[in-house]
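Trainee: Next comes work_25.tsv, TSV, C-alpha atoms and all ligand atoms:
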```tsv
chain	number	residue	atom	x	y	z
N	1102	MET	CA	20.46	18.93	28.82
N	1103	LEU	CA	21.31	18.51	25.12
N	1104	LEU	CA	23.68	21.00	23.50
N	1105	VAL	CA	23.49	21.33	19.70
N	1106	HIS	CA	26.71	22.36	17.96
N	1107	LEU	CA	26.25	21.96	14.20
N	1108	SER	CA	28.34	23.94	11.73
N	1109	ASP	CA	27.67	24.18	8.00
N	1110	VAL	CA	24.07	22.86	8.18
N	1111	ASN	CA	20.74	24.44	9.13
N	1112	GLU	CA	21.23	24.22	12.89
N	1113	ALA	CA	17.98	26.07	13.70
N	1114	ASP	CA	15.97	23.49	11.73
N	1115	TRP	CA	17.58	20.61	13.64
N	1116	ILE	CA	16.96	22.34	16.98
N	1117	SER	CA	13.28	22.99	16.34
N	1118	ARG	CA	12.71	19.41	15.18
N	1119	LEU	CA	14.61	17.97	18.14
N	1120	ALA	CA	12.81	20.26	20.62
N	1121	ALA	CA	9.44	19.08	19.30
N	1122	LEU	CA	10.43	15.45	19.91
N	1123	LEU	CA	12.24	15.83	23.23
N	1124	GLY	CA	9.17	17.04	25.18
N	1125	ASP	CA	10.35	18.43	28.51
N	1126	TYR	CA	13.97	17.44	28.01
N	1127	PRO	CA	15.98	20.70	27.76
N	1128	ILE	CA	17.89	21.59	24.60
N	1129	VAL	CA	20.21	24.57	23.98
N	1130	SER	CA	22.29	25.90	21.13
N	1131	ARG	CA	25.88	27.07	21.55
N	1132	ASN	CA	24.67	30.70	21.31
N	1133	ASP	CA	22.34	30.31	24.33
N	1134	ARG	CA	23.40	30.97	27.91
N	1135	PHE	CA	23.77	27.71	29.84
N	1136	ASN	CA	25.85	26.12	32.57
N	1137	PRO	CA	28.31	23.69	30.88
N	1138	ASP	CA	27.99	21.38	33.91
N	1139	ASP	CA	24.34	20.74	32.92
N	1140	ILE	CA	25.22	19.38	29.46
N	1141	ARG	CA	24.85	15.58	29.33
N	1142	TYR	CA	24.77	15.21	25.52
N	1143	VAL	CA	26.39	17.25	22.77
N	1144	PHE	CA	25.21	16.83	19.17
N	1145	VAL	CA	27.97	17.81	16.75
N	1146	TRP	CA	28.86	18.34	13.12
N	1147	LYS	CA	32.20	19.96	12.26
N	1148	PRO	CA	32.66	21.05	15.90
N	1149	LEU	CA	34.83	24.14	16.50
N	1150	GLU	CA	38.03	23.77	18.48
N	1151	ASN	CA	36.37	24.85	21.77
N	1152	ALA	CA	33.23	22.73	21.24
N	1153	PHE	CA	33.86	20.46	24.23
N	1154	GLU	CA	35.31	23.09	26.57
N	1155	GLY	CA	33.87	22.87	30.10
N	1156	LEU	CA	31.60	19.90	29.25
N	1157	ASN	CA	32.68	17.79	32.20
N	1158	ASN	CA	29.48	15.81	32.70
N	1159	LEU	CA	28.97	14.41	29.19
N	1160	LYS	CA	27.24	11.05	28.88
N	1161	ALA	CA	27.58	10.86	25.08
N	1162	ILE	CA	28.69	12.73	21.99
N	1163	LEU	CA	26.18	12.43	19.14
N	1164	SER	CA	27.70	12.58	15.64
N	1165	LEU	CA	25.59	13.87	12.77
N	1166	GLY	CA	28.02	12.09	10.47
N	1167	ALA	CA	27.81	8.35	9.88
N	1168	GLY	CA	31.57	8.50	9.34
N	1169	VAL	CA	33.49	9.79	12.35
N	1170	ASP	CA	37.03	10.13	10.95
N	1171	ALA	CA	37.03	13.95	11.18
N	1172	LEU	CA	35.49	13.92	14.66
N	1173	LEU	CA	38.14	11.47	15.89
N	1174	ARG	CA	40.81	13.92	14.68
N	1175	HIS	CA	39.32	16.77	16.76
N	1176	PRO	CA	42.21	18.06	18.92
N	1177	ASN	CA	40.07	18.40	22.08
N	1178	LEU	CA	37.77	15.39	21.78
N	1179	PRO	CA	37.07	13.96	25.27
N	1180	ARG	CA	38.43	10.45	24.67
N	1181	SER	CA	36.50	8.72	27.46
N	1182	VAL	CA	33.01	9.80	26.35
N	1183	PRO	CA	31.12	7.37	24.07
N	1184	ILE	CA	30.39	8.59	20.54
N	1185	VAL	CA	27.07	7.60	18.96
N	1186	ARG	CA	27.17	7.85	15.16
N	1187	PHE	CA	24.28	8.28	12.74
N	1188	VAL	CA	22.79	4.98	11.60
N	1189	GLU	CA	19.34	5.32	10.15
N	1190	ASP	CA	17.16	3.73	7.46
N	1191	ASP	CA	16.67	6.79	5.24
N	1192	LEU	CA	20.40	7.45	5.08
N	1193	THR	CA	21.08	3.79	4.33
N	1194	ARG	CA	18.42	3.71	1.59
N	1195	CYS	CA	19.82	6.90	0.11
N	1196	MET	CA	23.32	5.41	-0.07
N	1197	SER	CA	22.02	2.22	-1.68
N	1198	ASP	CA	20.16	4.35	-4.25
N	1199	TYR	CA	23.43	6.05	-5.12
N	1200	VAL	CA	25.25	2.72	-5.38
N	1201	VAL	CA	22.54	1.08	-7.50
N	1202	ALA	CA	22.31	4.11	-9.82
N	1203	ASN	CA	26.05	4.14	-10.44
N	1204	VAL	CA	26.54	0.38	-10.70
N	1205	THR	CA	23.72	0.02	-13.22
N	1206	MET	CA	24.94	3.03	-15.20
N	1207	HIS	CA	28.41	1.52	-15.56
N	1208	HIS	CA	27.13	-2.00	-16.12
N	1209	ARG	CA	25.07	-0.70	-19.04
N	1210	CYS	CA	28.18	1.03	-20.48
N	1211	PHE	CA	26.82	4.55	-20.20
N	1212	THR	CA	30.20	6.13	-21.00
N	1213	ARG	CA	30.63	4.13	-24.21
N	1214	TYR	CA	27.16	4.95	-25.57
N	1215	ARG	CA	27.47	8.61	-24.66
N	1216	ARG	CA	30.76	8.79	-26.54
N	1217	ASP	CA	29.11	7.00	-29.50
N	1218	GLN	CA	26.19	9.41	-29.40
N	1219	ARG	CA	28.49	12.42	-29.54
N	1220	ALA	CA	30.29	10.84	-32.51
N	1221	ARG	CA	26.94	9.88	-34.18
N	1222	ASN	CA	28.27	6.33	-34.17
N	1223	TRP	CA	25.77	3.41	-34.26
N	1224	SER	CA	27.67	0.50	-32.70
N	1225	GLN	CA	25.71	-2.42	-31.25
N	1226	TYR	CA	27.82	-3.57	-28.35
N	1227	TYR	CA	25.83	-5.67	-25.86
N	1228	PRO	CA	26.79	-5.29	-22.17
N	1229	PRO	CA	27.33	-8.53	-20.22
N	1230	ALA	CA	24.41	-9.90	-18.20
N	1231	ALA	CA	24.16	-8.70	-14.61
N	1232	ARG	CA	24.74	-12.29	-13.44
N	1233	ASN	CA	28.10	-12.24	-15.25
N	1234	THR	CA	29.12	-8.93	-13.72
N	1235	CYS	CA	30.64	-8.95	-10.25
N	1236	VAL	CA	30.25	-6.02	-7.90
N	1237	GLY	CA	32.84	-6.05	-5.11
N	1238	ILE	CA	31.91	-4.03	-2.06
N	1239	MET	CA	34.72	-2.88	0.23
N	1240	GLY	CA	33.20	-2.34	3.69
N	1241	MET	CA	30.38	-4.70	4.62
N	1242	GLY	CA	28.92	-2.69	7.50
N	1243	VAL	CA	25.50	-1.07	7.69
N	1244	LEU	CA	25.79	0.57	4.25
N	1245	GLY	CA	27.72	-2.17	2.46
N	1246	GLN	CA	25.29	-4.90	3.49
N	1247	ASP	CA	22.23	-2.93	2.39
N	1248	ALA	CA	23.83	-2.11	-0.96
N	1249	ALA	CA	24.69	-5.80	-1.38
N	1250	LYS	CA	21.04	-6.79	-0.81
N	1251	ARG	CA	19.82	-4.29	-3.38
N	1252	LEU	CA	22.40	-5.40	-5.97
N	1253	LEU	CA	21.62	-9.09	-5.41
N	1254	ALA	CA	17.96	-8.36	-6.12
N	1255	LEU	CA	19.02	-6.90	-9.47
N	1256	GLY	CA	20.82	-10.13	-10.36
N	1257	PHE	CA	24.45	-9.03	-9.95
N	1258	GLU	CA	27.10	-11.33	-8.59
N	1259	VAL	CA	28.15	-9.69	-5.31
N	1260	ARG	CA	31.22	-10.12	-3.14
N	1261	GLY	CA	32.24	-8.21	-0.03
N	1262	TRP	CA	35.47	-7.41	1.77
N	1263	SER	CA	35.61	-6.45	5.44
N	1264	ARG	CA	37.84	-6.85	8.47
N	1265	SER	CA	35.90	-9.82	9.82
N	1266	PRO	CA	34.21	-12.48	7.62
N	1267	LYS	CA	30.49	-12.09	6.94
N	1268	ASP	CA	27.84	-14.73	6.44
N	1269	MET	CA	25.37	-13.16	4.04
N	1270	GLN	CA	23.37	-15.36	1.71
N	1271	GLY	CA	24.43	-14.95	-1.91
N	1272	VAL	CA	27.45	-12.78	-1.12
N	1273	GLU	CA	30.96	-14.23	-1.24
N	1274	SER	CA	32.84	-12.98	1.80
N	1275	PHE	CA	36.51	-11.95	1.86
N	1276	SER	CA	38.24	-10.54	4.91
N	1277	GLY	CA	41.48	-9.00	6.01
N	1278	PRO	CA	44.58	-7.97	4.07
N	1279	ASP	CA	45.36	-11.61	3.11
N	1280	GLN	CA	42.18	-11.96	1.03
N	1281	PHE	CA	42.23	-8.50	-0.51
N	1282	GLU	CA	43.91	-9.44	-3.80
N	1283	LYS	CA	41.61	-12.43	-4.29
N	1284	PHE	CA	38.63	-10.16	-3.68
N	1285	LEU	CA	39.87	-7.62	-6.23
N	1286	GLY	CA	40.74	-10.31	-8.79
N	1287	GLY	CA	37.07	-11.22	-9.29
N	1288	THR	CA	35.67	-7.69	-9.12
N	1289	ASP	CA	34.43	-5.80	-12.21
N	1290	ILE	CA	32.79	-2.88	-10.42
N	1291	LEU	CA	34.35	-1.88	-7.11
N	1292	VAL	CA	32.21	-0.02	-4.56
N	1293	ASP	CA	33.99	1.65	-1.65
N	1294	LEU	CA	31.95	1.91	1.55
N	1295	LEU	CA	34.82	1.70	4.05
N	1296	PRO	CA	35.40	4.09	6.93
N	1297	LEU	CA	38.51	6.28	6.77
N	1298	THR	CA	41.14	4.92	9.16
N	1299	PRO	CA	44.95	4.68	8.99
N	1300	GLU	CA	44.50	1.22	7.37
N	1301	THR	CA	42.17	2.43	4.62
N	1302	GLU	CA	43.87	5.72	3.73
N	1303	ASN	CA	44.98	5.83	0.05
N	1304	ILE	CA	43.61	2.31	-0.52
N	1305	LEU	CA	42.27	3.32	-3.96
N	1306	ASN	CA	45.58	3.62	-5.81
N	1307	TYR	CA	47.06	2.62	-9.17
N	1308	GLU	CA	48.61	-0.65	-7.94
N	1309	MET	CA	45.24	-1.67	-6.58
N	1310	PHE	CA	43.41	-0.78	-9.81
N	1311	LEU	CA	45.75	-3.14	-11.70
N	1312	LYS	CA	44.45	-6.03	-9.57
N	1313	LEU	CA	40.79	-5.63	-10.58
N	1314	ARG	CA	39.37	-8.14	-13.06
N	1315	ARG	CA	39.74	-7.20	-16.70
N	1316	GLY	CA	37.75	-8.53	-19.64
N	1317	ARG	CA	34.15	-8.61	-18.41
N	1318	LEU	CA	33.43	-4.90	-18.84
N	1319	ARG	CA	34.90	-4.15	-22.25
N	1320	ASP	CA	36.19	-0.68	-21.39
N	1321	GLY	CA	37.82	-1.78	-18.14
N	1322	PRO	CA	36.88	-2.16	-14.47
N	1323	VAL	CA	35.09	0.62	-12.65
N	1324	ILE	CA	35.44	2.17	-9.20
N	1325	ILE	CA	32.73	3.90	-7.19
N	1326	ASN	CA	33.80	5.80	-4.06
N	1327	ALA	CA	30.94	6.91	-1.83
N	1328	ALA	CA	32.94	6.68	1.38
N	1329	ARG	CA	35.75	9.15	1.99
N	1330	GLY	CA	38.12	11.16	-0.24
N	1331	GLY	CA	41.06	10.14	1.97
N	1332	HIS	CA	40.77	6.65	0.46
N	1333	GLN	CA	41.69	7.79	-3.02
N	1334	VAL	CA	44.92	8.88	-4.66
N	1335	GLU	CA	43.42	11.25	-7.20
N	1336	ALA	CA	46.53	11.48	-9.39
N	1337	ASP	CA	46.36	7.67	-9.73
N	1338	ILE	CA	42.68	7.80	-10.69
N	1339	VAL	CA	43.41	10.39	-13.39
N	1340	ARG	CA	46.23	8.23	-14.74
N	1341	ALA	CA	44.14	5.02	-14.65
N	1342	LEU	CA	41.14	6.64	-16.33
N	1343	GLY	CA	43.42	8.00	-19.03
N	1344	ASP	CA	45.37	4.83	-19.84
N	1345	GLY	CA	42.46	2.35	-19.70
N	1346	THR	CA	43.41	0.70	-16.40
N	1347	LEU	CA	39.99	1.89	-15.28
N	1348	GLY	CA	37.03	2.21	-17.63
N	1349	ALA	CA	35.24	4.76	-15.47
N	1350	ALA	CA	34.90	6.13	-11.95
N	1351	SER	CA	32.06	7.58	-9.91
N	1352	LEU	CA	33.33	9.77	-7.10
N	1353	ASP	CA	31.17	11.39	-4.43
N	1354	VAL	CA	34.05	12.29	-2.12
N	1355	PHE	CA	37.45	13.91	-2.64
N	1356	GLN	CA	40.84	14.47	-1.02
N	1357	THR	CA	39.92	18.16	-0.79
N	1358	GLU	CA	36.28	19.21	-0.60
N	1359	PRO	CA	34.92	21.17	-2.38
N	1360	LEU	CA	36.87	19.65	-5.28
N	1361	PRO	CA	39.20	22.47	-6.44
N	1362	PRO	CA	38.31	24.00	-9.84
N	1363	ASP	CA	41.74	23.06	-11.22
N	1364	SER	CA	41.36	19.33	-10.48
N	1365	PRO	CA	41.90	17.33	-13.70
N	1366	LEU	CA	39.04	15.03	-12.64
N	1367	TRP	CA	36.46	17.62	-13.74
N	1368	GLU	CA	37.55	17.27	-17.38
N	1369	LEU	CA	37.37	13.49	-17.73
N	1370	ASP	CA	34.29	12.20	-19.53
N	1371	ASN	CA	34.63	8.81	-17.81
N	1372	CYS	CA	34.66	10.37	-14.33
N	1373	TYR	CA	31.27	11.04	-12.71
N	1374	ILE	CA	31.49	13.64	-9.97
N	1375	THR	CA	28.90	14.35	-7.29
N	1376	PRO	CA	29.50	16.84	-4.44
N	1377	HIS	CA	29.40	14.53	-1.39
N	1378	ILE	CA	25.64	14.02	-1.57
N	1379	ALA	CA	25.42	10.23	-1.80
N	1380	ALA	CA	23.64	10.00	1.54
N	1381	ILE	CA	22.95	13.05	3.60
N	1382	SER	CA	21.65	13.00	7.16
N	1383	SER	CA	18.20	14.55	6.80
N	1384	PRO	CA	16.69	16.54	9.71
N	1385	GLN	CA	13.30	14.84	9.19
N	1386	SER	CA	14.46	11.34	10.08
N	1387	GLY	CA	17.66	12.35	11.86
N	1388	ALA	CA	15.91	14.33	14.59
N	1389	ALA	CA	13.81	11.28	15.49
N	1390	TYR	CA	16.94	9.12	15.69
N	1391	PHE	CA	18.90	11.50	17.94
N	1392	ALA	CA	15.92	12.41	20.15
N	1393	ASN	CA	15.44	8.68	20.78
N	1394	VAL	CA	19.12	8.24	21.61
N	1395	VAL	CA	18.79	10.89	24.34
N	1396	LEU	CA	15.39	9.80	25.70
N	1397	ASP	CA	16.26	6.09	25.67
N	1398	HIS	CA	19.54	6.67	27.44
N	1399	GLU	CA	17.89	8.92	30.01
N	1400	ALA	CA	15.42	6.07	30.57
N	1401	GLY	CA	18.33	3.76	31.38
N	1402	LYS	CA	18.71	1.97	28.03
N	1403	PRO	CA	22.20	1.34	26.62
N	1404	LEU	CA	23.59	3.51	23.83
N	1405	LEU	CA	23.50	1.95	20.34
N	1406	ASN	CA	25.83	2.49	17.37
N	1407	VAL	CA	28.73	3.46	19.59
N	1408	VAL	CA	32.04	4.07	17.79
N	1409	ASP	CA	35.02	1.90	18.68
N	1410	VAL	CA	37.59	4.68	19.08
N	1411	GLU	CA	40.56	2.30	18.99
N	1412	ARG	CA	39.41	0.76	15.67
N	1413	GLY	CA	38.56	4.22	14.32
N	1414	TYR	CA	34.99	3.48	13.17
X	1	LIG	P1	30.21	0.54	9.35
X	1	LIG	O1	28.87	-0.03	9.62
X	1	LIG	O2	31.09	0.89	10.50
X	1	LIG	O3	30.97	-0.48	8.37
X	1	LIG	C1	32.31	-0.37	8.07
X	1	LIG	C2	32.76	-1.62	7.31
X	1	LIG	O4	34.11	-1.45	6.88
X	1	LIG	C3	32.72	-2.87	8.19
X	1	LIG	O5	32.26	-3.97	7.43
X	1	LIG	C4	34.20	-3.07	8.55
X	1	LIG	O6	34.57	-4.42	8.80
X	1	LIG	C5	34.86	-2.58	7.28
X	1	LIG	N1	36.25	-2.19	7.53
X	1	LIG	C6	36.73	-1.24	8.36
X	1	LIG	N2	38.06	-1.18	8.33
X	1	LIG	C7	38.46	-2.14	7.47
X	1	LIG	C8	39.72	-2.61	7.01
X	1	LIG	N3	40.86	-2.06	7.45
X	1	LIG	N4	39.74	-3.62	6.12
X	1	LIG	C9	38.59	-4.18	5.67
X	1	LIG	N5	37.36	-3.80	6.08
X	1	LIG	C10	37.30	-2.79	6.95
X	1	LIG	O7	30.09	1.88	8.48
X	1	LIG	P2	28.87	2.33	7.53
X	1	LIG	O8	27.77	2.90	8.32
X	1	LIG	O9	28.56	1.23	6.60
X	1	LIG	O10	29.56	3.54	6.74
X	1	LIG	C11	30.74	3.37	5.96
X	1	LIG	C12	31.33	4.73	5.58
X	1	LIG	O11	30.51	5.37	4.61
X	1	LIG	C13	31.38	5.76	6.72
X	1	LIG	O12	32.51	5.54	7.54
X	1	LIG	C14	31.48	7.07	5.97
X	1	LIG	O13	32.83	7.42	5.79
X	1	LIG	C15	30.85	6.76	4.61
X	1	LIG	N6	29.63	7.56	4.37
X	1	LIG	C16	29.61	8.39	3.28
X	1	LIG	C17	28.46	9.13	3.01
X	1	LIG	C18	28.37	10.00	1.80
X	1	LIG	O14	27.42	10.77	1.65
X	1	LIG	N7	29.28	9.92	0.86
X	1	LIG	C19	27.34	9.02	3.85
X	1	LIG	C20	27.41	8.18	4.95
X	1	LIG	C21	28.56	7.43	5.20
X	1	LIG	P3	33.93	-5.25	10.03
X	1	LIG	O15	32.48	-5.50	9.63
X	1	LIG	O16	34.71	-6.49	10.09
X	1	LIG	O17	34.04	-4.36	11.25
X	2	LIG	C1	28.64	11.66	5.41
X	2	LIG	O1	29.57	11.60	4.69
X	2	LIG	C2	28.54	10.95	6.66
X	2	LIG	O2	29.54	10.37	7.11
X	2	LIG	O3	27.44	10.95	7.25
```
Here is the file; what I need is its structure written in the form of structure tokens.

Mentor:
Amino acid sequence: MLLVHLSDVNEADWISRLAALLGDYPIVSRNDRFNPDDIRYVFVWKPLENAFEGLNNLKAILSLGAGVDALLRHPNLPRSVPIVRFVEDDLTRCMSDYVVANVTMHHRCFTRYRRDQRARNWSQYYPPAARNTCVGIMGMGVLGQDAAKRLLALGFEVRGWSRSPKDMQGVESFSGPDQFEKFLGGTDILVDLLPLTPETENILNYEMFLKLRRGRLRDGPVIINAARGGHQVEADIVRALGDGTLGAASLDVFQTEPLPPDSPLWELDNCYITPHIAAISSPQSGAAYFANVVLDHEAGKPLLNVVDVERGY
């Protein structure tokens, strides 16, 4: 039996889509009456504290989130049950759309021309060619590699940084803490697609911004964070956007979400804020993914996209 425990999203929509795809396989919501011993899979988003209570026969926990940092911090998470995270083409495409939109906006100096427009100033500054602009992607997993492919097709120079080296045609690979500075030193537009772990917390800070390449983008290097707010020190971003250490920032995620009304980030004309919408898990394609996880595993196939709990992603 599959138990659905989704907070803060349209749970009924997910259940009806999943039920249609699961055939005879039973599905219940947390408000239904059921015997906890019958639950083999629990599908969660923002699970309440008692979400796993009495679920002693779980085969897998299914995470609606692609990122599992919050789930791994759940105080009552059953540590021995595998967690399957959301990895799916529509979500990946959506994230790459966000990355491409923001990279191209900054590459074409959107902030500068908007300021000029407001000042009725006609100033013909020509942005550098894409081939002379390097996008550095932190996190070369499912999302980072797809974004890299899309940016390469647009002619950008692309480099990636991950824990282990990658062999991707056209992308210069950097790995581990030892190669981090070298990676930053050739990056004009930094894209963050890392998971949130103890190693990556607060990684986007003022000292790090100082290490990005200067001179290619006339108004300074740019950061784009579509990963997790826990990566960024927001006071440092405000300072760097104000003193020219950074030319601009696109932020989809924040230390506190929703972003509090008194955050100074709202006021900055070189800060582009979106409300954690870069890539949402849509019920249309998501239900098919999770129904397959259950049916395939019931048919004896191994679970895919299982989180390494020790690594934290
Ligand atoms: P993934 O496939 O697990 O990839 C993670 C990448 O980060 C891997 O390349 C990994 O290196 C690298 N990495 C992890 N820790 C590192 C470290 N300490 N130093 C250097 N590299 C490190 O994850 P994904 O599916 O691409 O998703 C990435 C993140 O995007 C998620 O965790 C989530 O937080 C975020 N996300 C945000 C949204 C949104 O709407 N804003 C939507 C979906 C996901 P290895 O390859 O060597 O393991
Ligand atoms: C969204 O942020 C996700 O991790 O899926």

Trainee: Residues at most 12 Å from Asp1191 (chain N), counting all atoms listed in the file, excluding those fewer than 5 positions away in the same chain, as an MDAnalysis selection string?

Mentor: chainID N and resid 1196:1198 1244 1247 1379:1387 1389:1390

Trainee: Between CA of Asn1157 (chain N) and CA of His1398 (chain N), what is the distance in Å, rounded to a tenth?

Mentor: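 Between CA of Asn1157 (chain N) and CA of His1398 (chain N) the gap works out to 17.9 Å.
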
Trainee: For ligand LIG 2 (chain X), return the neighbouring residues as a short mmCIF file (atom, residue, chain, number, x, y, z; two decimals) with C-alpha atoms, keeping the file's coordinate frame (distance at most 8 Å; all atoms listed in the file).

Mentor:
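Saved result, part_6.cif, follows:
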```cif
data_model
loop_
_atom_site.label_atom_id
_atom_site.label_comp_id
_atom_site.auth_asym_id
_atom_site.auth_seq_id
_atom_site.Cartn_x
_atom_site.Cartn_y
_atom_site.Cartn_z
CA LEU N 1165 25.59 13.87 12.77
CA GLY N 1166 28.02 12.09 10.47
CA ALA N 1167 27.81 8.35 9.88
CA GLY N 1168 31.57 8.50 9.34
CA VAL N 1169 33.49 9.79 12.35
CA PHE N 1187 24.28 8.28 12.74
CA ALA N 1328 32.94 6.68 1.38
CA ARG N 1329 35.75 9.15 1.99
CA HIS N 1377 29.40 14.53 -1.39
CA ILE N 1378 25.64 14.02 -1.57
CA ALA N 1379 25.42 10.23 -1.80
CA ALA N 1380 23.64 10.00 1.54
CA ILE N 1381 22.95 13.05 3.60
CA SER N 1382 21.65 13.00 7.16
#
```

Trainee: For a quick check of understanding, using only C-alpha atoms and all ligand atoms, which of N:Leu1122, N:Cys1235, N:Val1143, N:Val1407 has the smallest distance to ligand LIG 1 (chain X)?

Mentor: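 Using only C-alpha atoms and all ligand atoms, the shortest distance to ligand LIG 1 (chain X) belongs to N:Val1407.
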
Trainee: Rounded to one decimal place, report the CA of Leu1192 (chain N)-atom C19 of ligand LIG 1 (chain X) distance in Å.

Mentor: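 If I compute the distance from CA of Leu1192 (chain N) to atom C19 of ligand LIG 1 (chain X), I get 7.2 Å.
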
Trainee: In Å, how far is it from CA of Gln1218 (chain N) to CA of Asp1353 (chain N)?

Mentor: 25.5 Å

Trainee: Identify, on the basis of all atoms listed in the file, every residue whose closest approach to Pro1296 (chain N) does not exceed 12 Å; exclude the query and any residue fewer than 2 positions from it along the same chain; express the result as an mmCIF file with C-alpha atoms, in the frame of the given file.

Mentor:
```cif
data_model
loop_
_atom_site.group_PDB
_atom_site.id
_atom_site.type_symbol
_atom_site.label_atom_id
_atom_site.label_comp_id
_atom_site.auth_asym_id
_atom_site.auth_seq_id
_atom_site.Cartn_x
_atom_site.Cartn_y
_atom_site.Cartn_z
ATOM 1 C CA GLY N 1166 28.020 12.090 10.470
ATOM 2 C CA ALA N 1167 27.810 8.350 9.880
ATOM 3 C CA GLY N 1168 31.570 8.500 9.340
ATOM 4 C CA VAL N 1169 33.490 9.790 12.350
ATOM 5 C CA ASP N 1170 37.030 10.130 10.950
ATOM 6 C CA ALA N 1171 37.030 13.950 11.180
ATOM 7 C CA LEU N 1173 38.140 11.470 15.890
ATOM 8 C CA MET N 1239 34.720 -2.880 0.230
ATOM 9 C CA GLY N 1240 33.200 -2.340 3.690
ATOM 10 C CA MET N 1241 30.380 -4.700 4.620
ATOM 11 C CA GLY N 1242 28.920 -2.690 7.500
ATOM 12 C CA VAL N 1243 25.500 -1.070 7.690
ATOM 13 C CA LEU N 1244 25.790 0.570 4.250
ATOM 14 C CA GLY N 1245 27.720 -2.170 2.460
ATOM 15 C CA SER N 1263 35.610 -6.450 5.440
ATOM 16 C CA ARG N 1264 37.840 -6.850 8.470
ATOM 17 C CA ASP N 1293 33.990 1.650 -1.650
ATOM 18 C CA LEU N 1294 31.950 1.910 1.550
ATOM 19 C CA THR N 1298 41.140 4.920 9.160
ATOM 20 C CA PRO N 1299 44.950 4.680 8.990
ATOM 21 C CA GLU N 1300 44.500 1.220 7.370
ATOM 22 C CA THR N 1301 42.170 2.430 4.620
ATOM 23 C CA GLU N 1302 43.870 5.720 3.730
ATOM 24 C CA ASN N 1303 44.980 5.830 0.050
ATOM 25 C CA ILE N 1304 43.610 2.310 -0.520
ATOM 26 C CA ASN N 1326 33.800 5.800 -4.060
ATOM 27 C CA ALA N 1327 30.940 6.910 -1.830
ATOM 28 C CA ALA N 1328 32.940 6.680 1.380
ATOM 29 C CA ARG N 1329 35.750 9.150 1.990
ATOM 30 C CA GLY N 1330 38.120 11.160 -0.240
ATOM 31 C CA GLY N 1331 41.060 10.140 1.970
ATOM 32 C CA HIS N 1332 40.770 6.650 0.460
ATOM 33 C CA VAL N 1408 32.040 4.070 17.790
ATOM 34 C CA ASP N 1409 35.020 1.900 18.680
ATOM 35 C CA ARG N 1412 39.410 0.760 15.670
ATOM 36 C CA GLY N 1413 38.560 4.220 14.320
ATOM 37 C CA TYR N 1414 34.990 3.480 13.170
#
```

Trainee: Return as JSON the centre and edge lengths, in Å with one decimal, of the box along x, y and z that encloses every atom of region 1254-1270 of chain N in the file, padded by 4 Å per side.

Mentor:
```
{"center_x": 27.9, "center_y": -10.9, "center_z": -0.3, "size_x": 27.9, "size_y": 16.9, "size_z": 28.2}
```

Trainee: Using only C-alpha atoms for the distances, tell me which of N:Val1236, N:Ala1120, N:Val1339, N:Cys1195 is nearest to Leu1313 (chain N).

Mentor: N:Val1236

Trainee: I'd like to know which of N:Tyr1142, N:Phe1355, N:Phe1310, N:Phe1135 is closest to Val1185 (chain N), using all atoms listed in the file.

Mentor: N:Tyr1142

Trainee: Could you pull the residues within 10 Å of Arg1251 (chain N), counting only C-alpha atoms, minus those fewer than 3 positions along the same chain, as a VMD selection string?

Mentor: chain N and resid 1194 1197 to 1198 1200 to 1201 1246 to 1248 1254 to 1257

Trainee: Can you work out which one of N:Arg1317, N:Arg1174, N:Arg1141, N:Lys1267 has the shortest atom-to-atom distance to ligand LIG 1 (chain X), counting all atoms listed in the file?

Mentor: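 For ligand LIG 1 (chain X), the nearest of the given residues is N:Lys1267.
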
Trainee: Determine the nearest neighbour of Leu1297 (chain N) from the options N:Ala1392, N:Val1354, N:Asp1217, N:Gly1316, counting only C-alpha atoms.

Mentor: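 When distances to Leu1297 (chain N) are compared using only C-alpha atoms, the smallest one comes from N:Val1354.
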
Trainee: Considering only C-alpha atoms, return as a list in words whatever protein or nucleic-acid residues lie within 9 Å of His1106 (chain N), sequence-local ones (same chain, fewer than 3 positions apart) excluded.

Mentor: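 My reading of the contact set: Glu1112, Ser1130, Arg1131, Val1143, Phe1144, Val1145, Trp1146, Lys1147, Pro1148, Leu1149 and Ala1152 of chain N.
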
Trainee: So, with only C-alpha atoms and all ligand atoms as the atoms that count, which of N:Trp1367, N:Phe1284, N:Trp1262, N:Phe1391 lies closest to ligand LIG 1 (chain X)?

Mentor: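 When distances to ligand LIG 1 (chain X) are compared using only C-alpha atoms and all ligand atoms, the smallest one comes from N:Trp1262.
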
Trainee: Just want the 10 Å neighbourhood of Leu1396 (chain N), counted on all atoms listed in the file, with same-chain residues fewer than 3 positions away dropped. Output as a VMD selection string.

Mentor: chain N and resid 1122 to 1124 1126 1391 to 1393 1399 to 1402

Trainee: Which polymer residues, whether protein, DNA or RNA, lie within 7 Å of the coordinate (29.0, -7.4, -17.0) when you count only C-alpha atoms? List them as a list in words, using the chain letters and numbers from the file.

Mentor: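 Here the neighbourhood of the point contains His1208, Pro1228, Pro1229, Ala1230, Ala1231, Asn1233, Thr1234, Arg1317 and Leu1318 of chain N.
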